[in-house]
$ cat protein-v4.cif   # mmCIF, C-alpha atoms and all ligand atoms
data_my_file
loop_
_atom_site.label_atom_id
_atom_site.label_comp_id
_atom_site.auth_asym_id
_atom_site.auth_seq_id
_atom_site.Cartn_x
_atom_site.Cartn_y
_atom_site.Cartn_z
CA MET A 1 -16.92 88.06 96.84
CA ALA A 2 -20.55 87.68 97.96
CA ARG A 3 -21.91 87.65 94.40
CA PRO A 4 -20.34 84.34 93.12
CA SER A 5 -21.35 82.45 96.28
CA PHE A 6 -24.94 83.78 95.89
CA ARG A 7 -24.93 82.50 92.27
CA ALA A 8 -23.60 79.12 93.36
CA SER A 9 -26.30 78.70 95.97
CA ARG A 10 -28.98 79.77 93.46
CA GLN A 11 -27.71 77.16 91.00
CA THR A 12 -27.65 74.59 93.81
CA LEU A 13 -31.26 75.45 94.62
CA ILE A 14 -32.33 75.11 90.96
CA ALA A 15 -30.49 71.76 90.69
CA ALA A 16 -32.04 70.51 93.94
CA GLY A 17 -35.50 71.68 92.78
CA THR A 18 -35.08 69.92 89.41
CA LEU A 19 -33.94 66.72 91.11
CA LEU A 20 -36.93 66.86 93.47
CA ALA A 21 -39.33 67.38 90.54
CA VAL A 22 -37.78 64.42 88.68
CA ALA A 23 -38.01 62.28 91.84
CA LEU A 24 -41.71 63.17 92.23
CA VAL A 25 -42.46 62.32 88.57
CA VAL A 26 -40.57 59.02 88.89
CA ALA A 27 -42.33 58.16 92.17
CA PHE A 28 -45.77 58.96 90.71
CA SER A 29 -45.24 57.16 87.39
CA SER A 30 -43.56 54.10 88.93
CA ARG A 31 -46.51 53.73 91.31
CA ALA A 32 -48.90 53.86 88.32
CA PHE A 33 -46.60 51.44 86.44
CA ILE A 34 -46.60 48.93 89.33
CA GLU A 35 -50.39 49.32 89.84
CA GLN A 36 -50.99 48.27 86.24
CA HIS A 37 -49.12 44.98 86.84
CA LYS A 38 -51.40 44.03 89.78
CA VAL A 39 -53.90 41.39 88.64
CA GLU A 40 -57.33 42.17 90.09
CA ALA A 41 -58.69 39.48 92.41
CA LEU A 42 -61.83 37.71 91.25
CA HIS A 43 -64.23 35.90 93.60
CA PRO A 44 -65.39 32.76 91.75
CA SER A 45 -68.87 31.32 92.25
CA PRO A 46 -69.21 28.06 94.25
CA ALA A 47 -69.46 26.10 90.95
CA LEU A 48 -65.70 26.56 90.41
CA LYS A 49 -63.83 23.27 90.19
CA ARG A 50 -60.30 24.61 89.85
CA VAL A 51 -58.14 27.46 88.57
CA PHE A 52 -55.04 26.60 86.58
CA PRO A 53 -52.46 28.63 84.68
CA LEU A 54 -52.45 28.50 80.87
CA SER A 55 -48.81 27.36 81.23
CA GLU A 56 -50.27 24.00 82.27
CA ILE A 57 -51.29 23.71 78.60
CA ASN A 58 -48.25 25.48 77.13
CA PRO A 59 -45.28 25.15 79.55
CA ASN A 60 -43.40 27.73 77.42
CA LEU A 61 -45.56 30.36 79.15
CA LYS A 62 -44.40 29.40 82.64
CA GLY A 63 -42.96 32.37 84.54
CA THR A 64 -43.76 34.81 81.69
CA PRO A 65 -46.11 37.83 81.76
CA GLY A 66 -48.26 35.99 79.20
CA ASP A 67 -49.32 33.28 81.64
CA THR A 68 -52.94 33.69 82.70
CA ASP A 69 -55.56 32.02 84.88
CA VAL A 70 -58.07 29.58 83.41
CA TYR A 71 -61.20 29.14 85.58
CA MET A 72 -62.75 25.70 85.18
CA TYR A 73 -66.33 24.89 86.21
CA GLU A 74 -68.04 21.53 86.10
CA GLY A 75 -71.66 20.56 86.64
CA PRO A 76 -72.95 17.43 88.33
CA GLY A 77 -74.41 16.27 84.99
CA LYS A 78 -72.49 15.13 81.91
CA GLY A 79 -72.60 17.44 78.91
CA GLY A 80 -70.58 19.40 76.38
CA SER A 81 -67.98 22.09 77.00
CA LEU A 82 -67.82 25.84 76.62
CA LEU A 83 -64.94 28.37 76.54
CA VAL A 84 -65.34 32.13 76.96
CA ILE A 85 -62.31 34.42 76.68
CA GLY A 86 -62.17 38.20 77.28
CA GLY A 87 -59.24 40.59 77.02
CA SER A 88 -57.77 39.23 73.77
CA HIS A 89 -57.53 42.98 73.27
CA ALA A 90 -57.17 44.32 76.80
CA SER A 91 -58.51 47.78 75.89
CA GLU A 92 -61.91 46.21 75.13
CA ILE A 93 -63.12 46.32 78.71
CA ALA A 94 -66.64 44.88 78.23
CA GLY A 95 -65.12 41.53 77.17
CA THR A 96 -63.03 41.32 80.34
CA MET A 97 -66.00 42.39 82.49
CA THR A 98 -68.39 39.89 80.87
CA VAL A 99 -65.98 37.05 81.67
CA ALA A 100 -65.25 38.41 85.18
CA LEU A 101 -69.01 38.51 85.85
CA LEU A 102 -69.35 34.91 84.61
CA VAL A 103 -66.46 33.86 86.90
CA GLU A 104 -68.34 35.31 89.89
CA THR A 105 -71.91 34.18 89.08
CA LEU A 106 -71.75 30.98 86.99
CA LYS A 107 -73.85 27.92 87.85
CA VAL A 108 -73.40 24.68 85.90
CA ASP A 109 -75.95 21.85 85.91
CA ALA A 110 -74.33 19.83 83.11
CA GLY A 111 -71.09 20.10 81.17
CA THR A 112 -67.79 21.93 81.64
CA VAL A 113 -67.00 25.63 81.30
CA PHE A 114 -63.57 27.28 80.88
CA LEU A 115 -63.29 31.05 81.45
CA ILE A 116 -60.24 33.24 80.68
CA PRO A 117 -60.89 36.88 81.69
CA HIS A 118 -57.39 38.13 80.72
CA ALA A 119 -56.56 36.25 77.53
CA ASN A 120 -53.59 38.55 76.87
CA ALA A 121 -52.35 39.18 80.43
CA SER A 122 -49.35 41.14 79.15
CA ALA A 123 -51.61 43.57 77.25
CA MET A 124 -53.33 44.31 80.59
CA THR A 125 -50.08 45.74 82.02
CA HIS A 126 -49.93 48.89 79.86
CA ASP A 127 -52.27 51.25 78.08
CA GLU A 128 -52.61 52.72 74.61
CA PRO A 129 -49.92 55.35 74.00
CA GLN A 130 -51.16 58.92 73.35
CA GLU A 131 -54.83 58.06 73.93
CA ALA A 132 -55.20 59.60 77.43
CA HIS A 133 -57.02 56.44 78.47
CA PRO A 134 -57.77 55.89 82.16
CA ARG A 135 -55.65 53.08 83.65
CA HIS A 136 -58.57 51.72 85.67
CA VAL A 137 -62.35 51.67 85.61
CA PHE A 138 -64.44 51.42 88.78
CA PHE A 139 -67.55 49.55 89.88
CA ASP A 140 -69.43 50.16 93.14
CA THR A 141 -70.53 46.83 94.62
CA PRO A 142 -72.80 46.62 97.68
CA GLY A 143 -69.63 45.86 99.69
CA GLY A 144 -67.40 48.61 98.28
CA ARG A 145 -65.61 49.85 95.17
CA ARG A 146 -63.64 47.56 92.83
CA ALA A 147 -61.09 48.68 90.25
CA PHE A 148 -60.34 46.85 86.99
CA ARG A 149 -57.50 47.70 84.64
CA LEU A 150 -58.09 49.09 81.16
CA GLY A 151 -55.22 47.62 79.16
CA ALA A 152 -54.03 47.96 75.58
CA ARG A 153 -54.75 46.19 72.29
CA PHE A 154 -51.28 44.64 71.96
CA THR A 155 -48.84 42.69 74.15
CA ASN A 156 -46.68 45.05 76.24
CA PRO A 157 -43.50 45.87 74.22
CA VAL A 158 -41.57 45.59 77.51
CA HIS A 159 -42.43 41.87 77.35
CA GLN A 160 -41.98 41.29 73.61
CA TRP A 161 -39.48 43.44 71.73
CA PRO A 162 -38.38 44.45 69.14
CA ASP A 163 -41.16 44.28 66.55
CA PRO A 164 -40.11 43.11 63.08
CA ILE A 165 -40.61 45.59 60.20
CA THR A 166 -43.29 43.29 58.83
CA TYR A 167 -44.88 40.29 60.57
CA ALA A 168 -45.11 37.17 58.46
CA GLN A 169 -47.82 35.20 60.18
CA PRO A 170 -46.75 31.65 60.95
CA GLY A 171 -48.80 29.09 59.04
CA SER A 172 -50.53 31.40 56.55
CA GLY A 173 -47.51 33.59 55.70
CA THR A 174 -49.85 36.62 55.57
CA MET A 175 -47.78 39.81 55.79
CA LEU A 176 -48.88 42.31 58.41
CA ALA A 177 -47.43 45.51 59.93
CA GLY A 178 -44.65 44.71 62.41
CA ALA A 179 -46.58 45.71 65.56
CA GLU A 180 -49.24 43.09 64.70
CA THR A 181 -46.72 40.52 65.97
CA ARG A 182 -48.04 41.58 69.43
CA ASN A 183 -51.76 41.25 68.48
CA LEU A 184 -53.20 38.10 70.06
CA ASN A 185 -56.11 38.10 67.61
CA ARG A 186 -53.70 37.88 64.67
CA ALA A 187 -51.55 35.16 66.28
CA PHE A 188 -53.93 32.18 66.25
CA PRO A 189 -53.57 29.21 66.02
CA GLY A 190 -50.27 30.19 67.66
CA VAL A 191 -46.82 28.66 67.90
CA GLU A 192 -45.91 26.44 70.88
CA ASN A 193 -42.43 27.98 71.31
CA GLY A 194 -42.95 31.17 69.25
CA ASN A 195 -42.92 34.76 70.50
CA LEU A 196 -44.87 35.52 73.70
CA THR A 197 -48.11 36.39 71.85
CA GLU A 198 -47.90 33.27 69.67
CA ARG A 199 -47.29 31.10 72.76
CA ILE A 200 -50.47 32.48 74.41
CA ALA A 201 -52.42 31.85 71.19
CA TRP A 202 -51.10 28.27 70.99
CA GLY A 203 -52.02 27.67 74.66
CA ILE A 204 -55.64 28.71 74.06
CA THR A 205 -55.96 26.75 70.78
CA GLU A 206 -54.42 23.69 72.43
CA LEU A 207 -56.82 24.01 75.40
CA ILE A 208 -59.71 23.82 72.90
CA ARG A 209 -58.15 20.78 71.17
CA ARG A 210 -57.14 18.92 74.34
CA GLU A 211 -60.49 19.41 76.08
CA GLY A 212 -62.53 18.91 72.89
CA ILE A 213 -64.40 22.16 73.61
CA ASP A 214 -67.68 22.30 71.69
CA LEU A 215 -68.42 26.02 71.71
CA SER A 216 -65.87 28.87 72.06
CA PHE A 217 -66.46 32.61 72.46
CA ASP A 218 -63.90 35.40 71.99
CA ILE A 219 -65.35 38.74 73.19
CA HIS A 220 -64.31 42.05 71.63
CA GLU A 221 -65.29 45.70 71.41
CA SER A 222 -64.68 48.36 68.83
CA SER A 223 -65.20 52.04 68.13
CA PRO A 224 -68.79 53.04 67.24
CA GLU A 225 -67.62 54.00 63.72
CA TYR A 226 -66.23 50.50 62.96
CA PRO A 227 -68.53 48.71 60.48
CA VAL A 228 -68.53 45.20 62.06
CA ILE A 229 -70.21 46.15 65.32
CA ASN A 230 -73.06 44.83 67.48
CA ALA A 231 -72.15 41.67 65.66
CA ILE A 232 -71.91 37.93 65.99
CA VAL A 233 -69.06 36.67 63.81
CA ALA A 234 -69.44 32.98 62.97
CA SER A 235 -67.54 30.61 60.70
CA GLU A 236 -68.91 27.84 58.50
CA THR A 237 -68.93 25.48 61.51
CA SER A 238 -70.76 27.88 63.85
CA GLN A 239 -73.20 29.45 61.35
CA ASP A 240 -75.86 26.93 62.40
CA VAL A 241 -75.96 27.94 66.09
CA ALA A 242 -75.30 31.63 65.32
CA SER A 243 -78.15 32.04 62.80
CA TYR A 244 -80.56 30.09 65.00
CA ALA A 245 -79.59 32.33 67.95
CA ALA A 246 -79.74 35.56 65.90
CA ILE A 247 -83.42 34.92 65.19
CA SER A 248 -84.27 34.34 68.85
CA LEU A 249 -82.20 37.39 69.90
CA GLN A 250 -84.02 39.54 67.34
CA SER A 251 -87.42 38.42 68.55
CA ASP A 252 -86.28 39.22 72.08
CA GLY A 253 -85.39 42.80 71.07
CA TRP A 254 -81.59 42.46 70.69
CA GLU A 255 -80.30 43.68 67.32
CA PHE A 256 -77.27 41.72 66.11
CA ALA A 257 -75.66 41.60 62.68
CA LEU A 258 -74.56 38.12 61.69
CA GLU A 259 -71.13 38.32 60.03
CA PRO A 260 -69.35 35.44 58.29
CA SER A 261 -65.72 34.67 59.18
CA PRO A 262 -63.76 35.25 55.93
CA PRO A 263 -61.91 32.06 54.87
CA ASN A 264 -58.55 33.82 54.31
CA PHE A 265 -58.63 36.21 57.25
CA HIS A 266 -55.84 34.38 59.03
CA GLY A 267 -54.70 34.74 62.61
CA LEU A 268 -58.16 35.55 63.97
CA SER A 269 -59.67 33.32 66.62
CA HIS A 270 -62.86 32.38 64.72
CA ARG A 271 -60.92 31.53 61.54
CA GLU A 272 -58.08 29.53 63.07
CA TRP A 273 -60.17 27.73 65.70
CA THR A 274 -62.36 26.59 62.79
CA ASP A 275 -59.38 25.37 60.77
CA HIS A 276 -57.35 23.86 63.64
CA THR A 277 -59.89 22.54 66.18
CA LYS A 278 -63.35 20.95 66.19
CA THR A 279 -64.98 23.76 68.21
CA ARG A 280 -67.78 26.03 66.97
CA PRO A 281 -66.14 29.49 67.30
CA ILE A 282 -68.00 32.77 67.85
CA LEU A 283 -66.61 36.31 68.09
CA LEU A 284 -68.81 38.96 69.72
CA GLU A 285 -68.34 42.70 69.14
CA THR A 286 -69.91 45.65 71.00
CA ALA A 287 -69.42 49.43 70.58
CA SER A 288 -67.22 51.31 73.05
CA ALA A 289 -67.01 55.10 72.83
CA VAL A 290 -63.67 55.24 74.69
CA MET A 291 -62.10 53.40 71.73
CA GLY A 292 -63.45 55.77 69.09
CA ARG A 293 -61.67 58.47 67.11
CA LEU A 294 -64.58 60.93 67.39
CA ARG A 295 -64.79 60.87 71.20
CA GLY A 296 -64.73 63.93 73.42
CA PRO A 297 -63.08 64.13 76.87
CA THR A 298 -61.63 60.72 77.82
CA ASN A 299 -61.93 59.35 81.34
CA ALA A 300 -63.06 56.26 83.27
CA ASP A 301 -66.74 57.29 82.97
CA LEU A 302 -66.48 57.26 79.17
CA ALA A 303 -65.36 53.60 79.35
CA THR A 304 -68.18 52.62 81.73
CA ILE A 305 -71.10 55.11 81.60
CA GLY A 306 -70.31 55.56 77.90
CA LYS A 307 -72.00 58.94 77.29
CA ASP A 308 -70.40 61.21 74.68
CA PRO A 309 -72.02 64.30 73.05
CA GLN A 310 -69.59 63.98 70.08
CA TYR A 311 -71.02 60.56 69.24
CA VAL A 312 -74.59 61.83 69.62
CA LYS A 313 -73.74 64.40 66.92
CA ALA A 314 -71.98 61.76 64.79
CA ALA A 315 -75.02 59.46 64.99
CA LYS A 316 -77.32 62.32 63.88
CA ILE A 317 -75.34 62.77 60.64
CA GLY A 318 -75.03 59.01 60.07
CA ALA A 319 -71.25 58.89 60.60
CA ILE A 320 -71.27 55.82 62.84
CA SER A 321 -72.46 52.23 62.59
CA VAL A 322 -74.62 51.93 65.72
CA PRO A 323 -77.44 53.94 67.30
CA PHE A 324 -76.00 56.44 69.83
CA ASP A 325 -78.14 58.88 71.81
CA GLU A 326 -77.88 60.94 75.02
CA ASN A 327 -78.00 57.72 77.08
CA GLY A 328 -74.71 56.58 75.54
CA ILE A 329 -73.72 52.90 75.41
CA SER A 330 -72.97 51.88 78.97
CA ILE A 331 -70.88 48.92 80.10
CA GLU A 332 -74.15 47.42 81.42
CA VAL A 333 -75.63 47.48 77.88
CA ARG A 334 -72.43 46.03 76.38
CA VAL A 335 -72.08 43.23 78.96
CA ALA A 336 -75.83 42.51 78.71
CA ARG A 337 -75.49 42.13 74.91
CA ASP A 338 -72.60 39.67 75.41
CA LEU A 339 -74.58 37.67 77.99
CA ALA A 340 -77.75 37.63 75.85
CA ALA A 341 -75.73 36.38 72.84
CA ILE A 342 -73.91 33.71 74.87
CA ALA A 343 -77.19 32.48 76.39
CA ALA A 344 -78.96 32.36 73.00
CA ILE A 345 -76.05 30.58 71.27
CA VAL A 346 -75.60 28.02 74.07
CA SER A 347 -79.35 27.37 73.93
CA ALA A 348 -79.21 26.97 70.11
CA PHE A 349 -76.28 24.55 70.52
CA ASN A 350 -78.24 22.53 73.11
CA ASP A 351 -81.18 22.22 70.69
CA LEU A 352 -78.95 21.19 67.77
CA VAL A 353 -76.59 18.87 69.70
CA PRO A 354 -78.73 17.61 72.62
CA ASP A 355 -76.36 14.80 73.61
CA ARG A 356 -73.67 17.45 74.31
CA ALA A 357 -75.99 19.96 76.03
CA ILE A 358 -74.29 22.57 78.25
CA LEU A 359 -76.69 23.55 81.04
CA VAL A 360 -75.44 26.83 82.50
CA GLY A 361 -76.84 29.97 84.10
CA GLY A 362 -76.54 32.05 87.27
CA TRP A 363 -75.55 35.32 85.57
CA PRO A 364 -77.88 38.34 85.76
CA ASP A 365 -80.80 38.52 83.34
CA PRO A 366 -79.49 40.78 80.51
CA LYS A 367 -82.67 42.91 80.41
CA GLU A 368 -82.44 43.42 84.17
CA LEU A 369 -78.70 44.24 84.02
CA VAL A 370 -79.41 47.12 81.62
CA GLU A 371 -81.69 48.67 84.29
CA HIS A 372 -79.10 48.29 87.07
CA LYS A 373 -75.37 48.82 87.65
CA LEU A 374 -72.78 46.14 86.89
CA GLY A 375 -71.38 46.58 90.41
CA ASP A 376 -74.71 45.36 91.84
CA TYR A 377 -73.84 41.86 90.54
CA LEU A 378 -70.13 41.73 91.33
CA ALA A 379 -68.83 40.29 94.60
CA ALA A 380 -67.63 42.66 97.32
CA PRO A 381 -63.91 43.54 97.12
ZN ZN B 1 -60.71 43.35 69.61
#
$ encode --input "protein-v4.cif" --output "C-alpha cells"
Amino acid sequence: MARPSFRASRQTLIAAGTLLAVALVVAFSSRAFIEQHKVEALHPSPALKRVFPLSEINPNLKGTPGDTDVYMYEGPGKGGSLLVIGGSHASEIAGTMTVALLVETLKVDAGTVFLIPHANASAMTHDEPQEAHPRHVFFDTPGGRRAFRLGARFTNPVHQWPDPITYAQPGSGTMLAGAETRNLNRAFPGVENGNLTERIAWGITELIRREGIDLSFDIHESSPEYPVINAIVASETSQDVASYAAISLQSDGWEFALEPSPPNFHGLSHREWTDHTKTRPILLETASAVMGRLRGPTNADLATIGKDPQYVKAAKIGAISVPFDENGISIEVRVARDLAAIAAIVSAFNDLVPDRAILVGGWPDPKELVEHKLGDYLAAP
C-alpha cells in the first residue's frame, strides 16, 4: 500500500520541480524581453528645439513600434539643414552611439539639424537569433553607468509578420529574399501605408523632402571581413562633398575608402534619397568585430572594447578588409571615425554651398575621443 503512494508523491515532486523550472525560465526571459522594449533615455544638449515622433511625418506610424523620436536643433543663424540617422540596422551599435552622442553634445550656430538615434525602433526590441549577442552594452559616465540596447538588423518579426517568400521591392520591383521585407535599408524610399518597415522608410524620406534637408547621413557598421568598410558611400549628388572631405580626412590621418552608390542598388538610403529627394546622401561604414563571422567569445566588451584574438590572426593572413591588431577596434575609434567624417563633409558642404552653410559643433574632438572613453562624454544617467 505504501509503495504506490510513495510513487505518486515522487511524481508530484518531479511535476512541481518541472513547473518551478519553467516558471523561473519564463520569469527570467520575460524580464529580458521587457527590458529590450525599454527605450533608453537621452539627455539632449541645450541647443535642442524640440523632439517629435516620426509619426508626425507619417501618421501611419502612430501607436506602432516603428514610431521613433526625431530630435530637432536650430541655431540662432540662418543656414542649411542636416540629418543624421543611426540604428537603421540596430545591431550596428556605433551608429546609434554616434547619434546619441550628437543628441547630448550638439551646438548649432546656424542652420537646422535633425537626429534620429533609433531609425528602426522595432529592430531595437530584439536581437540576432543564434548569435549569442549581448542585449545591452554599457558606458561608465562620470555620474554612473548607462546601458544601451544592442538590437538586430531587421524589424522585429513580432511587429511585422509573416515574411513573404520573396520580397518584391516597391518602386523598383527588385526581388529579394523574403526576410529583407524587414530590412529598413532595403525599404527606401518607403511606402506611406506599406508594411511597418516601409512606413518608417517613407517617414524618413518624407522628412528629408518636407524640410528640404541639404545633407543626410545614414550610419552603419559591418563585419571586419566585409569589403565595403571604413568607407564613405556617396551618390552622384554627394560625390562633390565626399571627395573633397576624403582628401582632408586623409591628410588628417583618417583612412576612408570612397565608394560610389550603384545606380541600380535599390532600396538603400543613399540610392533612393538621391532619386527621390534633393538631399546629398552619405552612408558611413565602420568595422565591428561583434558582427563578424570569425569572432571569438561574444559579449558586451566585444561590441565596445572590440578586442578579438581571432581577428588579429585573420588580419595577419590578410583575410579581412581592415587593419586589426591587439588594440582591437573600439567603439571610441568607430564613433570618432563617424564624427570625423561628418565634420569633414559638413565643412566641405559649407565651402561648396556657402549660402546654405550649417555651422555645428560641440561634440568631442575625434582624436581626443580615441584617447578617452565614450562614457566620459555622455551625460550622467
Ligand atoms: Zn547596416
$ closest_atom_pairs --input "protein-v4.cif" --of "range 4-57 of chain A" --to "range 107-119 of chain A" --cutoff "9 Å" --atoms "all atoms listed in the file" --output "CSV"
residue,atom,partner,partner_atom,distance
A:Ser45,CA,A:Lys107,CA,7.5
A:Pro46,CA,A:Lys107,CA,7.9
A:Ala47,CA,A:Lys107,CA,5.7
A:Leu48,CA,A:Lys107,CA,8.7
$ write_last_selection --input "protein-v4.cif" --atoms "C-alpha atoms" --output "PDB file, in the frame of the given file"
ATOM      1  CA  SER A  45     -68.870  31.320  92.250  1.00  0.00           C
ATOM      2  CA  PRO A  46     -69.210  28.060  94.250  1.00  0.00           C
ATOM      3  CA  ALA A  47     -69.460  26.100  90.950  1.00  0.00           C
ATOM      4  CA  LEU A  48     -65.700  26.560  90.410  1.00  0.00           C
TER       5      LEU A  48
END
$ residues_near_ligand --input "protein-v4.cif" --ligand "ligand ZN 1 (chain B)" --cutoff "10 Å" --atoms "only C-alpha atoms and all ligand atoms" --output "list of chain:residue names"
A:Gly86, A:Gly87, A:Ser88, A:His89, A:Ala90, A:Ser91, A:Glu92, A:Ile93, A:Gly95, A:Arg153, A:Phe154, A:Asn183, A:Leu184, A:Asn185, A:Asp218, A:Ile219, A:His220, A:Glu221, A:Ser222, A:Ser223, A:Leu268, A:Leu283, A:Leu284, A:Glu285, A:Thr286
$ atom_distance --input "protein-v4.cif" --atom1 "CA of Thr105 in chain A" --atom2 "CA of Ile282 in chain A"
21.6 Å
$ atom_distance --input "protein-v4.cif" --atom1 "CA of Asn156 in chain A" --atom2 "CA of Leu196 in chain A"
10.0 Å
$ residues_around --input "protein-v4.cif" --residues "Ala289 in chain A" --least-positions-apart "3" --cutoff "10 Å" --atoms "all atoms listed in the file" --output "ChimeraX atom specification"
/A:221-225,292-296,298,302-308,310-311,324,328-330
$ closest_residue --input "protein-v4.cif" --among "A:Thr125, A:Ser55, A:Thr141, A:Gln169" --to "Lys373 in chain A" --atoms "all atoms listed in the file"
A:Thr141
$ closest_residue --input "protein-v4.cif" --among "A:Ile345, A:Glu326, A:Ser235, A:Val228" --to "Pro309 in chain A" --atoms "all atoms listed in the file"
A:Glu326
$ residues_near_point --input "protein-v4.cif" --point "(-70.8, 38.9, 86.7)" --cutoff "9 Å" --atoms "all atoms listed in the file" --output "list in words"
Met97, Thr98, Val99, Ala100, Leu101, Leu102, Val103, Glu104, Thr105, Leu106, Val335, Gly362, Trp363, Pro364, Leu374, Gly375, Tyr377, Leu378 and Ala379 of chain A
$ atom_distance --input "protein-v4.cif" --atom1 "CA of Ser288 in chain A" --atom2 "CA of Ile85 in chain A"
18.0 Å
$ closest_residue --input "protein-v4.cif" --among "A:Ile208, A:Ile317, A:Ile57, A:Leu352" --to "Glu192 in chain A" --atoms "all atoms listed in the file"
A:Ile57
$ residues_near_point --input "protein-v4.cif" --point "(-64.0, 29.8, 56.1)" --cutoff "10 Å" --atoms "all atoms listed in the file" --output "JSON, numbers by chain"
{"A": [234, 235, 236, 237, 260, 261, 262, 263, 264, 265, 266, 270, 271, 272, 274, 275]}
